[in-house]
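Text of query15.txt, listed as compact mmCIF, C-alpha atoms:
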# COMPACT_ATOMS: atom_id res chain seq x y z
CA MET A 1 23.64 2.08 5.12
CA GLY A 2 20.73 4.40 5.88
CA LYS A 3 17.19 3.67 6.97
CA ILE A 4 14.94 3.72 3.90
CA ILE A 5 11.17 3.41 3.56
CA LEU A 6 9.44 2.26 0.40
CA THR A 7 5.70 1.89 -0.02
CA GLY A 8 3.06 2.43 -2.66
CA ASP A 9 -0.37 1.66 -4.07
CA ARG A 10 -1.88 0.36 -7.28
CA PRO A 11 -3.58 3.26 -9.12
CA THR A 12 -6.81 1.42 -9.86
CA GLY A 13 -9.03 3.99 -8.16
CA LYS A 14 -9.20 6.54 -5.40
CA LEU A 15 -7.70 5.51 -2.06
CA HIS A 16 -10.02 4.40 0.73
CA LEU A 17 -9.99 4.07 4.50
CA GLY A 18 -8.33 0.66 4.26
CA HIS A 19 -5.34 2.28 2.54
CA TYR A 20 -5.37 5.09 5.08
CA VAL A 21 -5.23 3.00 8.24
CA GLY A 22 -3.22 0.23 6.61
CA SER A 23 -0.27 2.41 5.66
CA LEU A 24 -1.02 5.95 4.45
CA ARG A 25 -1.61 7.49 7.87
CA ARG A 26 1.57 5.90 9.16
CA ARG A 27 3.55 7.11 6.13
CA VAL A 28 2.66 10.70 6.95
CA GLU A 29 3.67 10.22 10.59
CA LEU A 30 6.99 8.66 9.59
CA GLN A 31 7.68 11.35 7.02
CA ASN A 32 7.14 14.07 9.61
CA ALA A 33 9.12 12.29 12.34
CA GLY A 34 12.28 12.45 10.23
CA ASP A 35 13.70 9.19 11.63
CA TYR A 36 14.41 7.77 8.17
CA ASP A 37 17.06 8.92 5.72
CA LYS A 38 14.91 8.44 2.62
CA MET A 39 11.29 7.72 1.90
CA PHE A 40 9.97 6.55 -1.49
CA VAL A 41 6.23 6.41 -2.23
CA PHE A 42 5.14 5.25 -5.65
CA MET A 43 2.14 4.53 -7.85
CA ALA A 44 2.43 0.89 -8.94
CA ASP A 45 0.96 1.29 -12.42
CA VAL A 46 2.93 -1.64 -13.87
CA GLN A 47 1.46 -3.99 -11.27
CA ALA A 48 -1.99 -2.49 -11.82
CA LEU A 49 -1.72 -3.34 -15.50
CA THR A 50 -1.18 -7.04 -14.73
CA ASP A 51 -4.94 -7.46 -14.41
CA ASN A 52 -6.01 -4.34 -16.31
CA ALA A 53 -3.98 -4.76 -19.50
CA ASP A 54 -7.09 -4.36 -21.64
CA ASN A 55 -8.00 -1.08 -19.95
CA PRO A 56 -4.87 1.07 -19.58
CA GLU A 57 -7.01 4.22 -19.56
CA LYS A 58 -8.29 3.19 -16.14
CA ILE A 59 -4.74 3.31 -14.79
CA ARG A 60 -3.91 6.49 -16.69
CA GLN A 61 -6.87 8.32 -15.16
CA ASN A 62 -6.26 7.05 -11.64
CA ILE A 63 -2.61 8.13 -11.42
CA ILE A 64 -3.79 11.65 -10.69
CA GLU A 65 -6.46 10.44 -8.26
CA VAL A 66 -3.90 8.59 -6.15
CA ALA A 67 -1.48 11.52 -6.32
CA LEU A 68 -4.22 13.84 -5.06
CA ASP A 69 -5.02 11.42 -2.24
CA TYR A 70 -1.34 11.23 -1.27
CA LEU A 71 -0.92 14.98 -1.12
CA SER A 72 -4.24 15.69 0.58
CA ALA A 73 -3.50 13.06 3.24
CA GLY A 74 -0.29 14.91 4.06
CA LEU A 75 2.55 13.40 2.06
CA ASP A 76 5.02 16.18 1.32
CA PRO A 77 7.17 16.01 -1.86
CA GLU A 78 9.83 17.99 0.00
CA LYS A 79 10.14 15.19 2.56
CA CYS A 80 9.47 12.07 0.48
CA THR A 81 9.97 11.02 -3.13
CA LEU A 82 6.74 10.46 -5.07
CA PHE A 83 7.16 8.59 -8.35
CA ILE A 84 5.44 6.48 -11.00
CA GLN A 85 6.60 2.86 -11.26
CA SER A 86 6.51 2.46 -15.04
CA GLN A 87 8.84 5.41 -15.54
CA ILE A 88 11.68 3.58 -13.72
CA THR A 89 12.86 1.18 -16.42
CA GLU A 90 15.40 -0.39 -14.06
CA LEU A 91 12.49 -2.02 -12.24
CA ALA A 92 11.68 -4.16 -15.27
CA GLU A 93 15.30 -5.20 -15.60
CA LEU A 94 15.68 -6.20 -11.96
CA THR A 95 12.36 -8.07 -12.04
CA THR A 96 13.69 -10.20 -14.91
CA TYR A 97 16.84 -11.12 -13.02
CA LEU A 98 14.96 -11.95 -9.80
CA MET A 99 12.52 -14.20 -11.68
CA ASN A 100 15.40 -16.60 -12.25
CA LEU A 101 15.86 -17.03 -8.51
CA VAL A 102 12.39 -18.24 -7.51
CA SER A 103 10.38 -21.29 -8.52
CA VAL A 104 6.85 -21.40 -9.89
CA SER A 105 5.74 -23.55 -6.97
CA ARG A 106 7.04 -20.97 -4.47
CA VAL A 107 4.97 -18.23 -6.06
CA GLN A 108 1.93 -20.53 -6.21
CA ARG A 109 2.11 -21.11 -2.46
CA ASN A 110 1.95 -17.40 -1.68
CA PRO A 111 -1.33 -16.88 0.25
CA THR A 112 -1.61 -13.24 -0.83
CA VAL A 113 -1.48 -14.28 -4.48
CA LYS A 114 -4.07 -16.98 -3.83
CA THR A 115 -6.43 -14.47 -2.24
CA GLU A 116 -6.00 -11.92 -5.02
CA VAL A 117 -6.51 -14.59 -7.71
CA LYS A 118 -9.75 -15.67 -6.03
CA MET A 119 -10.99 -12.09 -5.70
CA ARG A 120 -10.45 -11.45 -9.40
CA GLY A 121 -12.08 -14.67 -10.54
CA PHE A 122 -9.04 -16.08 -12.33
CA GLU A 123 -9.20 -19.83 -12.84
CA GLY A 124 -6.48 -22.32 -13.69
CA GLU A 125 -4.41 -21.21 -16.64
CA SER A 126 -6.33 -17.96 -17.10
CA ILE A 127 -4.06 -16.12 -14.64
CA PRO A 128 -2.00 -13.51 -16.52
CA LEU A 129 1.71 -14.27 -16.17
CA GLY A 130 2.40 -10.71 -15.09
CA PHE A 131 -0.13 -11.02 -12.27
CA PHE A 132 1.23 -14.41 -11.25
CA CYS A 133 4.71 -12.88 -10.96
CA TYR A 134 3.43 -10.01 -8.84
CA PRO A 135 5.55 -11.04 -5.79
CA VAL A 136 8.73 -10.83 -7.86
CA SER A 137 7.80 -7.45 -9.28
CA GLN A 138 7.13 -6.20 -5.76
CA ALA A 139 10.47 -7.58 -4.61
CA ALA A 140 12.17 -5.57 -7.37
CA ASP A 141 10.39 -2.41 -6.21
CA ILE A 142 11.66 -2.87 -2.69
CA THR A 143 15.18 -4.01 -3.40
CA LEU A 144 15.93 -1.52 -6.17
CA PHE A 145 15.66 1.26 -3.60
CA LYS A 146 17.32 -0.82 -0.86
CA ALA A 147 14.35 -0.29 1.41
CA THR A 148 14.88 -1.36 5.00
CA THR A 149 11.24 -0.81 6.00
CA VAL A 150 7.93 -1.33 4.20
CA PRO A 151 4.81 0.04 5.94
CA ALA A 152 1.95 -2.28 4.96
CA GLY A 153 -0.98 -4.30 6.19
CA GLU A 154 -0.47 -7.82 7.50
CA ASP A 155 -1.85 -9.27 4.25
CA GLN A 156 1.41 -8.17 2.62
CA GLU A 157 3.69 -10.15 4.95
CA PRO A 158 3.81 -13.20 2.60
CA MET A 159 4.96 -10.88 -0.18
CA LEU A 160 7.71 -9.47 2.03
CA GLU A 161 8.88 -12.98 2.88
CA VAL A 162 9.33 -13.75 -0.84
CA THR A 163 11.38 -10.55 -1.11
CA ARG A 164 13.62 -11.56 1.78
CA GLU A 165 14.15 -15.00 0.23
CA LEU A 166 15.12 -13.45 -3.09
CA VAL A 167 17.53 -11.04 -1.40
CA ARG A 168 19.25 -13.88 0.44
CA ARG A 169 19.51 -15.95 -2.72
CA PHE A 170 20.83 -13.08 -4.84
CA ASN A 171 23.41 -12.07 -2.25
CA GLN A 172 24.55 -15.67 -1.82
CA ILE A 173 24.95 -16.37 -5.53
CA TYR A 174 26.41 -13.04 -6.64
CA ALA A 175 27.42 -10.50 -3.99
CA PRO A 176 25.87 -8.78 -0.93
CA VAL A 177 24.22 -5.96 -2.84
CA LEU A 178 20.51 -6.16 -1.97
CA VAL A 179 18.93 -5.44 1.43
CA GLU A 180 16.39 -7.52 3.36
CA PRO A 181 13.35 -5.42 4.26
CA ASN A 182 11.19 -5.54 7.36
CA ILE A 183 7.46 -4.94 7.36
CA MET A 184 6.03 -2.17 9.55
CA LEU A 185 2.50 -3.10 10.55
CA PRO A 186 -0.07 -0.55 11.70
CA GLU A 187 0.21 0.11 15.42
CA ASN A 188 -3.52 -0.43 15.79
CA ALA A 189 -4.02 -4.18 15.29
CA THR A 190 -7.61 -3.70 14.11
CA ALA A 191 -6.41 -1.43 11.31
CA ARG A 192 -4.16 -4.11 9.86
CA ARG A 193 -6.98 -5.57 7.81
CA LEU A 194 -9.96 -3.26 7.73
CA PRO A 195 -13.10 -5.03 6.46
CA GLY A 196 -15.41 -3.54 3.90
CA THR A 197 -18.62 -1.79 4.87
CA ASP A 198 -20.38 -5.09 4.18
CA GLY A 199 -18.31 -6.81 6.86
CA LYS A 200 -16.88 -9.24 4.31
CA GLU A 201 -13.30 -9.68 3.15
CA LYS A 202 -11.15 -6.57 3.29
CA MET A 203 -12.09 -3.15 2.00
CA SER A 204 -11.60 -3.38 -1.74
CA LYS A 205 -12.49 -1.26 -4.76
CA SER A 206 -13.37 -4.37 -6.73
CA LEU A 207 -15.88 -5.47 -4.06
CA GLY A 208 -17.58 -2.07 -3.92
CA ASN A 209 -17.42 -1.89 -0.12
CA CYS A 210 -15.19 1.16 0.33
CA ILE A 211 -15.34 4.53 2.00
CA TYR A 212 -13.00 6.77 -0.01
CA LEU A 213 -10.84 9.54 1.41
CA SER A 214 -12.47 11.91 -1.08
CA ASP A 215 -16.09 10.96 -0.29
CA ASP A 216 -18.15 13.95 0.78
CA ALA A 217 -19.92 14.01 4.15
CA ASP A 218 -23.28 12.90 2.76
CA THR A 219 -21.73 9.96 0.93
CA VAL A 220 -19.87 8.87 4.06
CA TRP A 221 -23.09 8.92 6.04
CA GLN A 222 -24.93 6.89 3.38
CA LYS A 223 -22.22 4.24 3.51
CA VAL A 224 -21.98 4.20 7.31
CA ARG A 225 -25.76 4.02 7.67
CA SER A 226 -25.85 0.87 5.51
CA MET A 227 -22.90 -0.82 7.24
CA TYR A 228 -23.05 -4.41 8.38
CA THR A 229 -23.58 -4.82 12.13
CA ASP A 230 -24.89 -7.83 14.09
CA PRO A 231 -27.68 -9.77 12.36
CA THR A 232 -28.85 -11.15 15.73
CA HIS A 233 -29.29 -7.65 17.16
CA VAL A 234 -32.81 -7.23 15.84
CA ASN A 235 -34.45 -5.31 18.68
CA LEU A 236 -33.02 -2.52 20.82
CA ASN A 237 -32.90 -4.63 23.97
CA ASP A 238 -31.31 -7.66 22.31
CA PRO A 239 -27.73 -8.38 23.46
CA GLY A 240 -25.32 -7.53 20.65
CA HIS A 241 -22.01 -8.83 19.36
CA VAL A 242 -19.14 -6.48 18.64
CA GLU A 243 -16.92 -9.21 17.18
CA GLY A 244 -17.37 -9.31 13.40
CA ASN A 245 -19.50 -6.16 13.63
CA ALA A 246 -18.08 -3.75 11.04
CA VAL A 247 -19.21 -0.63 12.90
CA PHE A 248 -17.26 -1.60 16.01
CA THR A 249 -14.27 -2.69 13.93
CA TYR A 250 -14.17 0.81 12.45
CA LEU A 251 -14.58 2.38 15.88
CA ASP A 252 -11.62 0.26 17.06
CA ALA A 253 -9.57 1.60 14.16
CA PHE A 254 -10.53 5.27 14.27
CA SER A 255 -12.06 6.34 17.60
CA LYS A 256 -10.19 8.02 20.48
CA ASP A 257 -11.35 8.66 24.03
CA GLU A 258 -11.70 12.37 23.30
CA ASP A 259 -14.20 11.57 20.55
CA PHE A 260 -16.62 10.34 23.18
CA GLN A 261 -16.26 13.54 25.18
CA LYS A 262 -17.10 15.50 22.04
CA PHE A 263 -19.78 13.38 20.36
CA LEU A 264 -21.18 10.94 22.94
CA PRO A 265 -20.31 12.14 26.48
CA GLU A 266 -22.52 9.55 28.18
CA TYR A 267 -19.68 7.10 27.53
CA GLN A 268 -16.08 7.68 28.58
CA ASN A 269 -14.57 5.43 25.97
CA LEU A 270 -15.18 2.68 23.43
CA ASP A 271 -15.03 -0.07 26.05
CA GLU A 272 -18.07 1.38 27.81
CA LEU A 273 -19.96 1.59 24.53
CA LYS A 274 -19.11 -2.04 23.74
CA ASP A 275 -20.24 -3.20 27.19
CA HIS A 276 -23.60 -1.47 26.72
CA TYR A 277 -24.05 -2.96 23.26
CA ARG A 278 -23.28 -6.44 24.57
CA ARG A 279 -25.81 -6.06 27.41
CA GLY A 280 -28.52 -4.79 25.10
CA GLY A 281 -30.39 -1.51 25.14
CA LEU A 282 -28.15 0.24 22.61
CA GLY A 283 -29.28 0.66 19.02
CA ASP A 284 -27.12 0.23 15.93
CA MET A 285 -28.07 3.65 14.57
CA LYS A 286 -26.64 5.43 17.62
CA CYS A 287 -23.32 3.66 17.08
CA LYS A 288 -23.38 4.47 13.37
CA LYS A 289 -24.03 8.15 14.04
CA LEU A 290 -21.01 8.24 16.33
CA LEU A 291 -18.83 6.56 13.72
CA ASN A 292 -20.07 8.96 11.05
CA GLN A 293 -19.12 11.98 13.17
CA ILE A 294 -15.65 10.57 13.88
CA LEU A 295 -14.96 9.71 10.22
CA ASN A 296 -16.17 13.01 8.84
CA GLU A 297 -14.18 15.02 11.35
CA MET A 298 -11.07 13.10 10.29
CA LEU A 299 -11.80 13.33 6.56
CA GLU A 300 -12.84 16.97 6.32
CA PRO A 301 -9.28 18.44 6.37
CA ILE A 302 -8.26 15.86 3.75
CA ARG A 303 -11.19 16.82 1.55
CA GLN A 304 -10.36 20.52 1.87
CA ARG A 305 -6.70 20.00 0.93
CA ARG A 306 -7.73 17.84 -2.02
CA HIS A 307 -9.95 20.61 -3.34
CA GLU A 308 -7.01 23.03 -3.18
CA PHE A 309 -4.67 20.65 -5.02
CA GLU A 310 -7.30 20.03 -7.70
CA GLN A 311 -7.04 23.68 -8.75
CA ASP A 312 -3.55 23.15 -10.25
CA ILE A 313 -3.34 19.70 -11.84
CA PRO A 314 -0.31 20.55 -14.04
CA GLU A 315 1.67 21.17 -10.84
CA ILE A 316 0.70 17.70 -9.55
CA TYR A 317 2.21 16.15 -12.68
CA ASN A 318 5.28 18.34 -12.22
CA ILE A 319 5.68 17.01 -8.66
CA LEU A 320 5.48 13.44 -9.97
CA ARG A 321 7.96 14.16 -12.77
CA LYS A 322 10.53 15.60 -10.35
CA GLY A 323 10.04 12.72 -7.92
CA THR A 324 10.42 10.16 -10.70
CA GLU A 325 13.66 11.76 -11.88
CA LYS A 326 15.01 11.64 -8.35
CA ALA A 327 13.97 8.01 -7.91
CA ARG A 328 15.60 7.11 -11.22
CA GLU A 329 18.96 8.31 -9.92
CA THR A 330 18.79 5.87 -7.01
CA ALA A 331 17.54 3.08 -9.28
CA ALA A 332 20.40 3.55 -11.75
CA GLN A 333 22.97 3.38 -8.97
CA THR A 334 21.56 0.14 -7.58
CA MET A 335 21.38 -1.46 -11.01
CA ASP A 336 25.03 -0.61 -11.64
CA GLU A 337 25.84 -2.59 -8.48
CA VAL A 338 23.52 -5.44 -9.51
CA ARG A 339 25.09 -5.76 -12.97
CA GLN A 340 28.55 -5.68 -11.48
CA ALA A 341 27.65 -8.38 -8.95
CA MET A 342 26.16 -10.55 -11.73
CA GLN A 343 29.18 -9.80 -13.95
CA ILE A 344 27.05 -8.55 -16.82
CA ASN A 345 28.51 -5.05 -16.86
CA TYR A 346 30.48 -6.04 -19.95
CA PHE A 347 31.44 -2.63 -21.26
CA ASP A 348 32.53 -1.30 -17.86
CA ASP A 349 34.59 -4.37 -16.92
CA GLU A 350 38.10 -3.43 -18.01
CA GLU A 351 39.55 -6.61 -16.52
CA LEU A 352 37.17 -8.73 -18.61
CA ILE A 353 38.13 -6.91 -21.79
CA ARG A 354 41.86 -7.17 -20.98
CA SER A 355 41.72 -10.90 -20.15
CA GLN A 356 39.70 -11.72 -23.26
CA ALA A 357 42.18 -9.79 -25.40
CA GLU A 358 45.08 -11.76 -23.91
CA ARG A 359 43.22 -15.05 -24.40
CA PHE A 360 42.72 -14.47 -28.09
CA ARG A 361 46.25 -13.13 -28.61
CA ALA A 362 47.60 -16.34 -27.12
CA LYS A 363 45.96 -18.48 -29.80

Show me, as structure tokens, the structure contained in the file I just sent.
Amino acid sequence: MGKIILTGDRPTGKLHLGHYVGSLRRRVELQNAGDYDKMFVFMADVQALTDNADNPEKIRQNIIEVALDYLSAGLDPEKCTLFIQSQITELAELTTYLMNLVSVSRVQRNPTVKTEVKMRGFEGESIPLGFFCYPVSQAADITLFKATTVPAGEDQEPMLEVTRELVRRFNQIYAPVLVEPNIMLPENATARRLPGTDGKEKMSKSLGNCIYLSDDADTVWQKVRSMYTDPTHVNLNDPGHVEGNAVFTYLDAFSKDEDFQKFLPEYQNLDELKDHYRRGGLGDMKCKKLLNQILNEMLEPIRQRRHEFEQDIPEIYNILRKGTEKARETAAQTMDEVRQAMQINYFDDEELIRSQAERFRAK
């Protein structure tokens, strides 16, 4: 069995820096390294509809935004398969079968589901069933393509554990068809859960605390300039705290030693900057200006590529159509194996037909 990557995003808006450091940057590196036999990257529109069912146009419009972000960040349709979740009907079928193998209480205990429910303001019985079953839907995504590796942030680990449990249960009851996946966390520990610009929770479109990959330079600076720092660092000479300080969290995630040589040569690296901030005598604005320069240098090539892709939108849809067709071939093959393992491939089971014919002839 080959090494297979599967990963994706909900198309509820443009992608932001949290997506980029959480998995997107790593996806591009893995794609280019060529160490994996297959790589599937998809837009999870079905899962996005679980809490946007009354506004499907939002998802429809954002499919193209996410596709543009994927391509401009460096994903190459010649090296990975880009597809749209809802166009793979086998996913719905496998989700239904997997739902029978997990209890309601197990899904309720999932901390990722609890966090997402809280963020969206669902209370008690108001949770849409589709949203509640999100972990099972995600398990179907992963197992349908027999993914061995899922690049994701650490907040997705509880979801992956549900997937592994479902794989073990399916294989035990029926046959060893599905594959247990492993999570691939960002190498930079700070990037595993990037906070929003307000320093609260994680970066999230719904919380309005994002820096998007497509933001222009002026917008990035406006957002960086208003970022949460250390509320006790009132005066320049006050000792400051870097822990819980969003500016330093972002510098941990994005800065390199060479950035200091280029933008702030009075410091050799981030550790020296942190030491100065802790001692006092270093203003927040100086740190924000450094972060702004680092982010805009990183984002400028992405913005330029996005502008180029935007000039031929029909071709973007053509890329997605071809990728979806390719993904459907893999999905159909896995579902054939699943139906055979579950013994519900009635019309293809010649032995079943023969034995039933003999049984009724014997009456």

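Among A:Lys3, A:Ile63, A:Thr12, A:Ile353, the residue with the shortest atom-to-atom distance to Leu320 of chain A, counting only C-alpha atoms, is A:Ile63.
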
For segment 248-254 of chain A: contacts at 12 Å, all atoms listed in the file, fewer than 5 positions along chain excluded, given as a VMD selection string: chain A and resid 17 to 18 20 to 22 25 186 to 200 202 to 203 211 224 227 to 230 240 to 243 259 to 260 269 to 271 273 to 275 277 to 278 284 286 to 299

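The shortest atom-to-atom distance to Gly130 of chain A, with only C-alpha atoms taken into account, belongs to A:Asn52 out of A:Asn52, A:Gly2, A:Pro151, A:Asn209.
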
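Nearest-residue note for Thr95 of chain A: choosing from A:Lys326, A:Val66, A:Met335, A:Pro128, the minimum distance belongs to A:Met335, counting only C-alpha atoms.
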
Around all listed atoms of segment 149-164 of chain A, padded 8 Å per side, what centre and edge lengths does the axis-aligned box have in Å to one decimal, as lines of an AutoDock Vina configuration file?
center_x = 5.9
center_y = -6.9
center_z = 3.2
size_x = 31.5
size_y = 29.8
size_z = 24.6

Polymer residues at most 6 Å from segment 181-185 of chain A, only C-alpha atoms, same-chain spacing of 4 or more positions, as a VMD selection string: chain A and resid 147 to 153

Could you please take those selected residues and save C-alpha atoms as a PDB file, keeping the file's coordinate frame?
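Now in part-v4.pdb:
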ATOM      1  CA  ALA A 147      14.350  -0.290   1.410  1.00  0.00           C
ATOM      2  CA  THR A 148      14.880  -1.360   5.000  1.00  0.00           C
ATOM      3  CA  THR A 149      11.240  -0.810   6.000  1.00  0.00           C
ATOM      4  CA  VAL A 150       7.930  -1.330   4.200  1.00  0.00           C
ATOM      5  CA  PRO A 151       4.810   0.040   5.940  1.00  0.00           C
ATOM      6  CA  ALA A 152       1.950  -2.280   4.960  1.00  0.00           C
ATOM      7  CA  GLY A 153      -0.980  -4.300   6.190  1.00  0.00           C
TER       8      GLY A 153
END

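In this structure, atom CA of Val179 of chain A sits 26.1 Å away from atom CA of Phe347 of chain A.
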
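Shortest atom-to-atom contact with Ile64 of chain A among A:Met39, A:Val167, A:Val177, A:Leu15: A:Leu15, counting only C-alpha atoms.
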
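Nearest-residue note for Met99 of chain A: choosing from A:Pro111, A:Gly281, A:Pro77, A:Pro135, the minimum distance belongs to A:Pro135, counting all atoms listed in the file.
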
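Take atom CA of Thr112 of chain A and atom CA of Glu180 of chain A: the distance between them is 19.3 Å.
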
Within 8 Å of Arg27 of chain A using all atoms listed in the file, minus same-chain residues under 4 positions, as number ranges by chain: A: 23, 31, 75, 151

Shortest interatomic distance to Glu116 of chain A - which of A:Asn245, A:Thr7, A:Thr89, A:Ser206, counting all atoms listed in the file: A:Ser206

Interatomic distance (Å, one decimal) between atom CA of Lys79 of chain A and atom CA of Thr330 of chain A: 15.9 Å

All residues 8 Å or closer to Asp238 of chain A, all atoms listed in the file, same chain fewer than 2 positions away omitted, as a ChimeraX atom specification: /A:232-236,240,279-281

Convert the current residue selection to file output with C-alpha atoms, as a tab-separated table (two decimals), in the frame of the given file.
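Wrote out_12.tsv, looks like this:
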chain	number	residue	atom	x	y	z
A	232	THR	CA	-28.85	-11.15	15.73
A	233	HIS	CA	-29.29	-7.65	17.16
A	234	VAL	CA	-32.81	-7.23	15.84
A	235	ASN	CA	-34.45	-5.31	18.68
A	236	LEU	CA	-33.02	-2.52	20.82
A	240	GLY	CA	-25.32	-7.53	20.65
A	279	ARG	CA	-25.81	-6.06	27.41
A	280	GLY	CA	-28.52	-4.79	25.10
A	281	GLY	CA	-30.39	-1.51	25.14

Rebuild segment 322-335 of chain A to N, CA, C and O atoms - output it as an mmCIF file, in the frame of the given file, please.
data_model
loop_
_atom_site.group_PDB
_atom_site.id
_atom_site.type_symbol
_atom_site.label_atom_id
_atom_site.label_comp_id
_atom_site.auth_asym_id
_atom_site.auth_seq_id
_atom_site.Cartn_x
_atom_site.Cartn_y
_atom_site.Cartn_z
ATOM 1 N N LYS A 322 9.322 15.348 -11.132
ATOM 2 C CA LYS A 322 10.530 15.600 -10.350
ATOM 3 C C LYS A 322 10.847 14.418 -9.432
ATOM 4 O O LYS A 322 12.007 14.015 -9.287
ATOM 5 N N GLY A 323 9.818 13.861 -8.800
ATOM 6 C CA GLY A 323 10.040 12.720 -7.920
ATOM 7 C C GLY A 323 10.540 11.507 -8.681
ATOM 8 O O GLY A 323 11.421 10.778 -8.206
ATOM 9 N N THR A 324 9.999 11.297 -9.878
ATOM 10 C CA THR A 324 10.420 10.160 -10.700
ATOM 11 C C THR A 324 11.876 10.315 -11.137
ATOM 12 O O THR A 324 12.648 9.345 -11.141
ATOM 13 N N GLU A 325 12.262 11.519 -11.501
ATOM 14 C CA GLU A 325 13.660 11.760 -11.880
ATOM 15 C C GLU A 325 14.601 11.480 -10.717
ATOM 16 O O GLU A 325 15.674 10.895 -10.888
ATOM 17 N N LYS A 326 14.194 11.880 -9.534
ATOM 18 C CA LYS A 326 15.010 11.640 -8.350
ATOM 19 C C LYS A 326 15.100 10.145 -8.040
ATOM 20 O O LYS A 326 16.167 9.619 -7.710
ATOM 21 N N ALA A 327 13.983 9.455 -8.167
ATOM 22 C CA ALA A 327 13.970 8.010 -7.910
ATOM 23 C C ALA A 327 14.829 7.274 -8.930
ATOM 24 O O ALA A 327 15.495 6.279 -8.611
ATOM 25 N N ARG A 328 14.829 7.770 -10.169
ATOM 26 C CA ARG A 328 15.600 7.110 -11.220
ATOM 27 C C ARG A 328 17.100 7.160 -10.933
ATOM 28 O O ARG A 328 17.842 6.236 -11.284
ATOM 29 N N GLU A 329 17.548 8.213 -10.282
ATOM 30 C CA GLU A 329 18.960 8.310 -9.920
ATOM 31 C C GLU A 329 19.360 7.191 -8.962
ATOM 32 O O GLU A 329 20.395 6.546 -9.134
ATOM 33 N N THR A 330 18.521 6.958 -7.961
ATOM 34 C CA THR A 330 18.790 5.870 -7.010
ATOM 35 C C THR A 330 18.725 4.522 -7.710
ATOM 36 O O THR A 330 19.566 3.635 -7.482
ATOM 37 N N ALA A 331 17.719 4.348 -8.570
ATOM 38 C CA ALA A 331 17.540 3.080 -9.280
ATOM 39 C C ALA A 331 18.744 2.764 -10.160
ATOM 40 O O ALA A 331 19.227 1.620 -10.200
ATOM 41 N N ALA A 332 19.259 3.764 -10.859
ATOM 42 C CA ALA A 332 20.400 3.550 -11.750
ATOM 43 C C ALA A 332 21.638 3.125 -10.964
ATOM 44 O O ALA A 332 22.397 2.249 -11.400
ATOM 45 N N GLN A 333 21.813 3.715 -9.794
ATOM 46 C CA GLN A 333 22.970 3.380 -8.970
ATOM 47 C C GLN A 333 22.902 1.932 -8.493
ATOM 48 O O GLN A 333 23.898 1.189 -8.547
ATOM 49 N N THR A 334 21.713 1.521 -8.031
ATOM 50 C CA THR A 334 21.560 0.140 -7.580
ATOM 51 C C THR A 334 21.767 -0.846 -8.719
ATOM 52 O O THR A 334 22.416 -1.886 -8.554
ATOM 53 N N MET A 335 21.235 -0.535 -9.890
ATOM 54 C CA MET A 335 21.380 -1.460 -11.010
ATOM 55 C C MET A 335 22.825 -1.567 -11.467
ATOM 56 O O MET A 335 23.265 -2.635 -11.920
#
